[in-house]
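Notes follow once the structure below has been shown.
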Amino acid sequence: MIDDHDVVVRVVDATVEIPLRGVKASAAMEDSRIVRKPNGSLALRALDKISLEVRRGERVGIVGGNGNGKTTLLKLIGGMLPAVEGSVQVRGSIRSLLTIGAGTVPALTGRQNVVMRYALLGIKSLSKEEYISDVAEFAELGAFFDMPLGTYSPGMQSRLQFAMSTVESADILLLDEWIGVADQSFQEKANNRLEQYIKKNEGFLFASHNAELLEKMTSRTIKLINGKIVSDQSTLSGPGNKFKSPVIL
Amino acid sequence: MKGNEWRWVERDFFTDLRILVSQRHLAWQLHLADIAENKRNSGLGLIAPFISVLIHVLLLGSVMGLVFHEPLVSFIPFFSISFSIWQGVSIFISDISYSNEKATRYLSFPNVSGYISNLISTYDFVIALLLKLFASFIIIIFINPEIIIGANYLAFCSGLVLLTFVLISWSLPLSYLFDRVRLFRGFLPQILFAVYLITPILWAPDRIQSHKWVIDFNPVYHVIEVARAPITQGVFPMTSSLVCLGLIAVGVCLSYFLFPANRNLVVYRWMA
């Protein structure tokens, strides 16, 4: 169990392996992350004995090249991927904005998707009508709110996703880089809402390649290479910073 | 939820079932979203199953009754109930064959039961079946109202419950089968059509008295008979009820053993 009251996420020696069905055995020779399991099957070790703690109010940026485990780490914490070794403990509620179309139905209108999301999130602090009106106001989709999601641009979808996931505050927010597809004014608005989250002592993990966005939105940066954390340091100029000096692993 | 129970990817079978029961209202909301989606796709929504039975029974039932030289006053009621149940069951199986794909829609909500898409399909089945049966009853009232008067409604309700539990208990093994061997999905219409032909749906069971074992050892016959016999014969089908209870027990056991493997298919898709 998590005993330090300030820690909202604790990952201890967690390993994530993705099974590789139908991949030739010779592939194991080409990448050290491809491992052979005791039953002879192959698996990609996407995260290798990761240990991490996130405290209340921390805004953690996750950087690393493509395929180095940024999204996998967010999915592990968000309960979308299991750890084959080690453990993941999360204190409090969690919201994940990892995939632009997650939990939405393209044939339904924005409003119908919002109603569905209200049920999926099991929101108790707001009535359905309050939730819908808050999302509509924040996403600013105009007439598109009552049009099928399939007609939305990626930027509009990201507006709706962000609004639906952040109306009710959660203890931890996980965000992948797709928010970058929204326009500048919405990103500022989203950042302001995130600031409100931080004021409520909540944790925030954000994976991105965008250095400027990371600097603006996070106070600590973790770098992943080949599924391992190679550096973990505070960003002194970032907001909500709680660290006094950088920590290099 | 206690400890890490909110993480579906790390739950055991019985914990997930317990959470599914607590999320039955959520499943209903998602079922309503499904109806809205279907209405947008087909333009008919809930009217579709009702119209489908009316057209099939009146056209196909009349033609087949004449072909088999069956008296229409008894054949049409038999066929309308049989067809309604069979159509519901076959649509459920088609739906379940893509259940794992639907489950991935809810992966971003790890507190939601991994079984939720199966429960949504079950809700779809029950609502569509009731509408189909309603259409059948309207037809029977015009053709032979005595059948409606003489039906055993208590046994009918018990049959519908057993039928529904058979389907939900087999939903996970079927999801696993059709996801593990996706080739079967391409043959599903042919498989269902073959089952339709060898099961007494389009023909009365007493037509093959000399080969009665074909019926007795056909589990689909008992699944249909458990809800059909109380209407068409006004009896409680003891044998079919026992077969259904056995099927439920086997389905639950299979679901228990396949739960981890099926979860891997949902999480890792074709990589698993």
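By convention here, the chains of the structure tokens are called A, B, ... in the order presented, each chain's residues are numbered starting at 1, and ligands are numbered starting at 1 in the order presented.
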
Check your understanding: Could you pull the residues within 9 Å of Phe125 of chain B, counting only C-alpha atoms, minus those fewer than 3 positions along the same chain, as a ChimeraX atom specification?
Key -> /B:88-89,91-92,120-122,128-130,164

Residues just named, written with C-alpha atoms as a PDB file, in the first residue's frame:
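What follows is the written file result-v7.pdb:
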```pdb
ATOM      1  CA  GLY B  88     -32.531 -12.943 -31.529  1.00  0.00           C
ATOM      2  CA  VAL B  89     -30.008 -15.697 -30.769  1.00  0.00           C
ATOM      3  CA  ILE B  91     -28.006 -11.628 -33.942  1.00  0.00           C
ATOM      4  CA  PHE B  92     -26.603 -11.995 -30.423  1.00  0.00           C
ATOM      5  CA  ILE B 120     -24.769  -4.509 -23.420  1.00  0.00           C
ATOM      6  CA  SER B 121     -25.248  -7.178 -26.120  1.00  0.00           C
ATOM      7  CA  THR B 122     -27.455  -9.105 -23.691  1.00  0.00           C
ATOM      8  CA  ALA B 128     -35.019  -6.988 -29.447  1.00  0.00           C
ATOM      9  CA  LEU B 129     -36.403 -10.415 -28.450  1.00  0.00           C
ATOM     10  CA  LEU B 130     -39.329  -8.869 -26.571  1.00  0.00           C
ATOM     11  CA  THR B 164     -30.763 -15.181 -21.596  1.00  0.00           C
TER      12      THR B 164
END
```

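Near Phe134 of chain B, within 12 Å and counting only C-alpha atoms, sit Ile47, Pro49, Phe50, Ile51, Ser52, Val53, Leu54, Ser80, Ile81, Ser84, Ile85, Ile127, Ala128, Leu129, Ile139, Ile140, Ile141 and Ile148 of chain B, not including residues fewer than 5 positions from it in the same chain.
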
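Picture a line from atom CA of Val223 of chain B to atom CA of Thr239 of chain B; it runs 10.7 Å.
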
Revision key, fill the gap. Restricting to only C-alpha atoms, whichever of B:Arg18, B:Arg263, B:Phe83, B:Arg185 is closest to chain A is B:Arg263

**Study point:** Spatial neighbours of segment 135-149 of chain A, 8 Å, only C-alpha atoms, chain gap at least 5 places, as a ChimeraX atom specification
**Key:** /A:105-111,114,156-157,159-160,162-164,167

Using all heavy atoms, can you export the residues from the last selection as a compact mmCIF listing (two decimals), in the first residue's frame?
```txt
# COMPACT_ATOMS: atom_id res chain seq x y z
N VAL A 105 -17.99 7.40 -29.89
CA VAL A 105 -18.61 6.69 -31.01
C VAL A 105 -18.82 7.69 -32.15
O VAL A 105 -19.58 8.66 -31.99
CB VAL A 105 -19.97 6.08 -30.60
CG1 VAL A 105 -20.60 5.30 -31.74
CG2 VAL A 105 -19.78 5.17 -29.39
N PRO A 106 -18.14 7.49 -33.28
CA PRO A 106 -18.21 8.48 -34.36
C PRO A 106 -19.63 8.74 -34.87
O PRO A 106 -19.94 9.84 -35.31
CB PRO A 106 -17.34 7.87 -35.47
CG PRO A 106 -16.46 6.90 -34.78
CD PRO A 106 -17.22 6.40 -33.60
N ALA A 107 -20.51 7.71 -34.81
CA ALA A 107 -21.87 7.88 -35.35
C ALA A 107 -22.74 8.76 -34.45
O ALA A 107 -23.76 9.28 -34.90
CB ALA A 107 -22.53 6.53 -35.56
N LEU A 108 -22.32 8.90 -33.18
CA LEU A 108 -23.13 9.70 -32.26
C LEU A 108 -22.70 11.17 -32.29
O LEU A 108 -21.55 11.48 -32.62
CB LEU A 108 -22.98 9.17 -30.83
CG LEU A 108 -23.45 7.73 -30.57
CD1 LEU A 108 -23.31 7.39 -29.09
CD2 LEU A 108 -24.89 7.54 -31.00
N THR A 109 -23.61 12.05 -31.93
CA THR A 109 -23.28 13.47 -31.90
C THR A 109 -22.37 13.75 -30.70
O THR A 109 -22.23 12.92 -29.80
CB THR A 109 -24.55 14.33 -31.74
OG1 THR A 109 -25.12 14.04 -30.45
CG2 THR A 109 -25.56 14.04 -32.82
N GLY A 110 -21.78 14.95 -30.70
CA GLY A 110 -20.95 15.34 -29.56
C GLY A 110 -21.75 15.25 -28.27
O GLY A 110 -21.29 14.70 -27.28
N ARG A 111 -22.99 15.74 -28.30
CA ARG A 111 -23.84 15.73 -27.10
C ARG A 111 -24.11 14.30 -26.62
O ARG A 111 -24.01 14.01 -25.44
CB ARG A 111 -25.17 16.44 -27.41
CG ARG A 111 -26.07 16.64 -26.19
CD ARG A 111 -27.39 17.26 -26.59
NE ARG A 111 -27.23 18.57 -27.19
CZ ARG A 111 -27.11 19.71 -26.50
NH1 ARG A 111 -27.14 19.69 -25.18
NH2 ARG A 111 -26.95 20.87 -27.12
N VAL A 114 -21.16 12.92 -24.99
CA VAL A 114 -20.97 13.50 -23.65
C VAL A 114 -21.87 12.77 -22.64
O VAL A 114 -21.43 12.46 -21.53
CB VAL A 114 -21.27 15.02 -23.67
CG1 VAL A 114 -21.22 15.60 -22.26
CG2 VAL A 114 -20.27 15.74 -24.56
N MET A 156 -10.99 19.43 -33.19
CA MET A 156 -12.30 19.50 -32.52
C MET A 156 -12.51 18.29 -31.61
O MET A 156 -13.05 18.41 -30.51
CB MET A 156 -13.42 19.58 -33.56
CG MET A 156 -13.42 20.90 -34.32
SD MET A 156 -14.34 20.76 -35.85
CE MET A 156 -15.98 20.99 -35.27
N GLN A 157 -12.05 17.13 -32.09
CA GLN A 157 -12.17 15.94 -31.24
C GLN A 157 -11.35 16.09 -29.96
O GLN A 157 -11.79 15.69 -28.88
CB GLN A 157 -11.68 14.71 -32.00
CG GLN A 157 -12.67 14.19 -33.02
CD GLN A 157 -12.22 12.88 -33.62
OE1 GLN A 157 -11.87 11.95 -32.92
NE2 GLN A 157 -12.22 12.80 -34.94
N ARG A 159 -10.60 18.86 -28.47
CA ARG A 159 -11.32 19.82 -27.61
C ARG A 159 -12.38 19.09 -26.79
O ARG A 159 -12.48 19.27 -25.57
CB ARG A 159 -12.03 20.88 -28.47
CG ARG A 159 -11.15 22.01 -28.94
CD ARG A 159 -11.90 22.83 -29.98
NE ARG A 159 -11.16 24.01 -30.34
CZ ARG A 159 -11.44 25.24 -29.92
NH1 ARG A 159 -12.47 25.45 -29.13
NH2 ARG A 159 -10.71 26.27 -30.28
N LEU A 160 -13.17 18.27 -27.51
CA LEU A 160 -14.26 17.58 -26.82
C LEU A 160 -13.72 16.57 -25.79
O LEU A 160 -14.20 16.52 -24.66
CB LEU A 160 -15.15 16.85 -27.85
CG LEU A 160 -16.42 16.23 -27.28
CD1 LEU A 160 -17.41 17.30 -26.81
CD2 LEU A 160 -17.11 15.33 -28.30
N PHE A 162 -10.84 16.60 -24.24
CA PHE A 162 -10.25 17.29 -23.09
C PHE A 162 -11.36 17.81 -22.18
O PHE A 162 -11.30 17.65 -20.95
CB PHE A 162 -9.35 18.44 -23.57
CG PHE A 162 -8.61 19.10 -22.43
CD1 PHE A 162 -7.37 18.62 -22.03
CD2 PHE A 162 -9.15 20.19 -21.77
CE1 PHE A 162 -6.69 19.21 -20.97
CE2 PHE A 162 -8.48 20.78 -20.72
CZ PHE A 162 -7.25 20.30 -20.31
N ALA A 163 -12.37 18.43 -22.79
CA ALA A 163 -13.46 18.99 -21.98
C ALA A 163 -14.19 17.90 -21.21
O ALA A 163 -14.46 18.05 -20.01
CB ALA A 163 -14.43 19.75 -22.89
N MET A 164 -14.48 16.76 -21.88
CA MET A 164 -15.22 15.69 -21.22
C MET A 164 -14.43 15.11 -20.05
O MET A 164 -15.01 14.71 -19.05
CB MET A 164 -15.53 14.55 -22.23
CG MET A 164 -16.58 14.90 -23.24
SD MET A 164 -17.20 13.44 -24.14
CE MET A 164 -15.77 12.89 -25.03
N VAL A 167 -13.94 18.09 -16.80
CA VAL A 167 -15.01 18.86 -16.13
C VAL A 167 -14.96 18.57 -14.64
O VAL A 167 -14.92 19.47 -13.81
CB VAL A 167 -16.40 18.49 -16.70
CG1 VAL A 167 -17.50 19.02 -15.80
CG2 VAL A 167 -16.55 19.06 -18.10
```

Please identify every residue of chain B that has at least one atom no farther than 12 Å from an atom of chain A, counting only C-alpha atoms, and for each give the shortest atom pair and the distance in Å to one decimal, arranged by chain then increasing number, as CSV.
```
residue,atom,partner,partner_atom,distance
B:Met1,CA,A:Gly92,CA,11.1
B:Lys2,CA,A:Met1,CA,11.1
B:Gly3,CA,A:Met1,CA,7.9
B:Asn4,CA,A:Gln89,CA,7.1
B:Glu5,CA,A:Gly79,CA,10.0
B:Trp6,CA,A:Gly79,CA,7.9
B:Arg7,CA,A:Gly79,CA,5.0
B:Trp8,CA,A:Gly79,CA,7.1
B:Val9,CA,A:Pro82,CA,5.5
B:Glu10,CA,A:Pro82,CA,6.3
B:Arg11,CA,A:Pro82,CA,10.0
B:Ser22,CA,A:Gly122,CA,11.7
B:Gln23,CA,A:Gly122,CA,9.6
B:Arg24,CA,A:Ala119,CA,11.1
B:His25,CA,A:Ala119,CA,8.7
B:Leu26,CA,A:Ala119,CA,5.8
B:Ala27,CA,A:Ala119,CA,8.9
B:Trp28,CA,A:Ala119,CA,9.6
B:Gln29,CA,A:Ala119,CA,6.7
B:Leu30,CA,A:Met116,CA,6.5
B:His31,CA,A:Met116,CA,9.8
B:Leu32,CA,A:Met116,CA,8.9
B:Ala33,CA,A:Met116,CA,6.7
B:Asp34,CA,A:Val105,CA,9.2
B:Ile35,CA,A:Leu108,CA,10.3
B:Ala36,CA,A:Leu108,CA,7.2
B:Glu37,CA,A:Ala107,CA,5.8
B:Asn38,CA,A:Ala107,CA,8.6
B:Lys39,CA,A:Ala107,CA,9.6
B:Arg40,CA,A:Ala107,CA,6.7
B:Asn41,CA,A:Ala107,CA,7.5
B:Ser42,CA,A:Ala107,CA,11.2
B:Gly43,CA,A:Ala107,CA,12.0
B:Lys102,CA,A:Gly103,CA,10.0
B:Ala103,CA,A:Gly103,CA,10.0
B:Thr104,CA,A:Gly103,CA,8.6
B:Arg105,CA,A:Gly103,CA,5.2
B:Tyr106,CA,A:Gly103,CA,5.7
B:Leu107,CA,A:Met80,CA,6.0
B:Ser108,CA,A:Met80,CA,6.4
B:Phe109,CA,A:Leu120,CA,7.2
B:Pro110,CA,A:Gly79,CA,5.6
B:Asn111,CA,A:Gly79,CA,8.4
B:Val112,CA,A:Leu120,CA,7.5
B:Ser113,CA,A:Leu120,CA,10.8
B:Gly114,CA,A:Met80,CA,11.3
B:Ile116,CA,A:Leu120,CA,10.9
B:Arg180,CA,A:Arg21,CA,11.5
B:Pro260,CA,A:Pro82,CA,11.5
B:Ala261,CA,A:Pro19,CA,11.9
B:Arg263,CA,A:Pro82,CA,10.4
B:Asn264,CA,A:Pro19,CA,8.9
B:Leu265,CA,A:Pro19,CA,10.1
B:Val266,CA,A:Met80,CA,10.3
B:Val267,CA,A:Leu81,CA,7.0
B:Tyr268,CA,A:Ile18,CA,7.0
B:Arg269,CA,A:Pro19,CA,9.7
B:Trp270,CA,A:Arg21,CA,7.4
B:Met271,CA,A:Arg21,CA,5.0
B:Ala272,CA,A:Pro19,CA,5.3
```

Exercise for review: Excluding Arg33 of chain A and residues on its chain fewer than 4 positions from it, collect all residues at most 10 Å away from it, counting only C-alpha atoms, and give them as a PyMOL selection string.
Suggested key: chain A and resi 17+28-29+43-48+226-227

Point to revise | Filtered DSSP result for segment 18-154 of chain A, state strand (DSSP E or B), as a PyMOL selection string | key: chain A and resi 18-20+34-36+42-55+59-63+85-90+94-97+109+148

Exercise for review: Pull the alpha helix (DSSP H) assignments for segment 44-261 of chain B out of DSSP run on the backbone, and list those residues as a PyMOL selection string.
Suggested key: chain B and resi 47-56+62-67+72-96+99-104+116-143+145-150+153-180+183-198+213-216+219-232+238-261

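Proximity ranking of B:Tyr98, B:Trp203, B:Phe156, B:Phe75 relative to Ser171 of chain B places B:Tyr98 first, based on only C-alpha atoms.
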
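If you measure from each of B:Ser99, B:Trp86, B:Phe142, B:Leu131 to Leu197 of chain B using only C-alpha atoms, the closest one turns out to be B:Trp86.
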
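With only C-alpha atoms as the atoms that count, the minimum distance from Cys157 of chain B to the choices B:His56, B:Arg228, B:His222, B:Arg182 is reached by B:Arg228.
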
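Interatomic distance, atom CA of Pro71 of chain B to atom CA of Asn144 of chain B: 11.2 Å.
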
Practice item. To one decimal in Å, tell me the separation between atom CA of Phe68 of chain B and atom CA of Phe236 of chain B. Key: 27.3 Å

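By chain and then residue number, the residues within 7 Å of Ile248 of chain B are B:Phe165, B:Val166, B:Ser169, B:Cys244, B:Val252, counting only C-alpha atoms and disregarding those fewer than 4 positions away in sequence.
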
With N, CA and C atoms retained, could you export that selection as a short mmCIF file (atom, residue, chain, number, x, y, z; two decimals), in the first residue's frame?
```cif
data_model
loop_
_atom_site.label_atom_id
_atom_site.label_comp_id
_atom_site.auth_asym_id
_atom_site.auth_seq_id
_atom_site.Cartn_x
_atom_site.Cartn_y
_atom_site.Cartn_z
N PHE B 165 -29.64 -16.35 -19.77
CA PHE B 165 -28.45 -16.74 -19.01
C PHE B 165 -27.55 -17.69 -19.80
N VAL B 166 -28.14 -18.53 -20.64
CA VAL B 166 -27.30 -19.39 -21.50
C VAL B 166 -26.44 -18.50 -22.40
N SER B 169 -23.73 -16.55 -20.46
CA SER B 169 -22.67 -17.41 -19.93
C SER B 169 -21.76 -17.92 -21.04
N CYS B 244 -30.53 -26.43 -20.50
CA CYS B 244 -30.11 -25.02 -20.41
C CYS B 244 -29.29 -24.78 -19.14
N VAL B 252 -20.18 -20.96 -17.76
CA VAL B 252 -19.50 -20.24 -16.67
C VAL B 252 -18.09 -20.82 -16.46
#
```

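Nearest-residue note for Ala194 of chain B: choosing from B:Leu172, B:Ile147, B:Val220, B:Leu254, the minimum distance belongs to B:Val220, counting only C-alpha atoms.
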
Exercise for review: Determine the nearest neighbour of Ser153 of chain A from the options A:Asp134, A:Asp6, A:Asp183, A:Glu30, counting only C-alpha atoms.
Suggested key: A:Asp183

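With only C-alpha atoms taken into account, the protein and nucleic acid residues at most 12 Å from Gln196 of chain A (excluding it and anything under 3 positions from it in its own chain) are Gly57, Thr166, Val167, Glu168, Ser169, Ala170, Asp171, Lys189, Ala190, Asn191, Asn192, Arg193, Lys199, Lys200, Asn201, Glu202, Gly203, Phe204, Pro239 and Gly240 of chain A.
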
Could you turn the residues from that selection into a file that holds C-alpha atoms, as a PDB file, in the first residue's frame?
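What ended up in part_15.pdb:
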```pdb
ATOM      1  CA  GLY A  57       0.809  18.764  -7.311  1.00  0.00           C
ATOM      2  CA  THR A 166     -11.600  17.503 -17.165  1.00  0.00           C
ATOM      3  CA  VAL A 167     -15.009  18.861 -16.131  1.00  0.00           C
ATOM      4  CA  GLU A 168     -14.871  16.910 -12.903  1.00  0.00           C
ATOM      5  CA  SER A 169     -11.457  17.097 -11.315  1.00  0.00           C
ATOM      6  CA  ALA A 170      -9.542  13.876 -10.759  1.00  0.00           C
ATOM      7  CA  ASP A 171      -6.572  13.220  -8.518  1.00  0.00           C
ATOM      8  CA  LYS A 189      -7.454  27.449 -22.155  1.00  0.00           C
ATOM      9  CA  ALA A 190      -6.535  23.815 -21.482  1.00  0.00           C
ATOM     10  CA  ASN A 191      -3.391  24.916 -19.688  1.00  0.00           C
ATOM     11  CA  ASN A 192      -5.437  27.258 -17.478  1.00  0.00           C
ATOM     12  CA  ARG A 193      -7.731  24.409 -16.554  1.00  0.00           C
ATOM     13  CA  LYS A 199      -4.001  24.137  -7.242  1.00  0.00           C
ATOM     14  CA  LYS A 200      -6.107  21.237  -5.972  1.00  0.00           C
ATOM     15  CA  ASN A 201      -2.917  19.224  -5.318  1.00  0.00           C
ATOM     16  CA  GLU A 202      -3.387  16.803  -8.162  1.00  0.00           C
ATOM     17  CA  GLY A 203      -0.836  14.850 -10.175  1.00  0.00           C
ATOM     18  CA  PHE A 204      -0.303  15.328 -13.880  1.00  0.00           C
ATOM     19  CA  PRO A 239       5.047  25.955 -13.178  1.00  0.00           C
ATOM     20  CA  GLY A 240       4.135  24.286  -9.906  1.00  0.00           C
TER      21      GLY A 240
END
```

Practice item. Tell me which protein, DNA and RNA residues are within 12 Å of Ala204 of chain B, counting only C-alpha atoms, leaving out same-chain ones fewer than 2 positions away, and put them as a PyMOL selection string. Key: chain B and resi 64-65+68-71+74-79+82+197-202+206-209+212+215+221+225+228-229+232
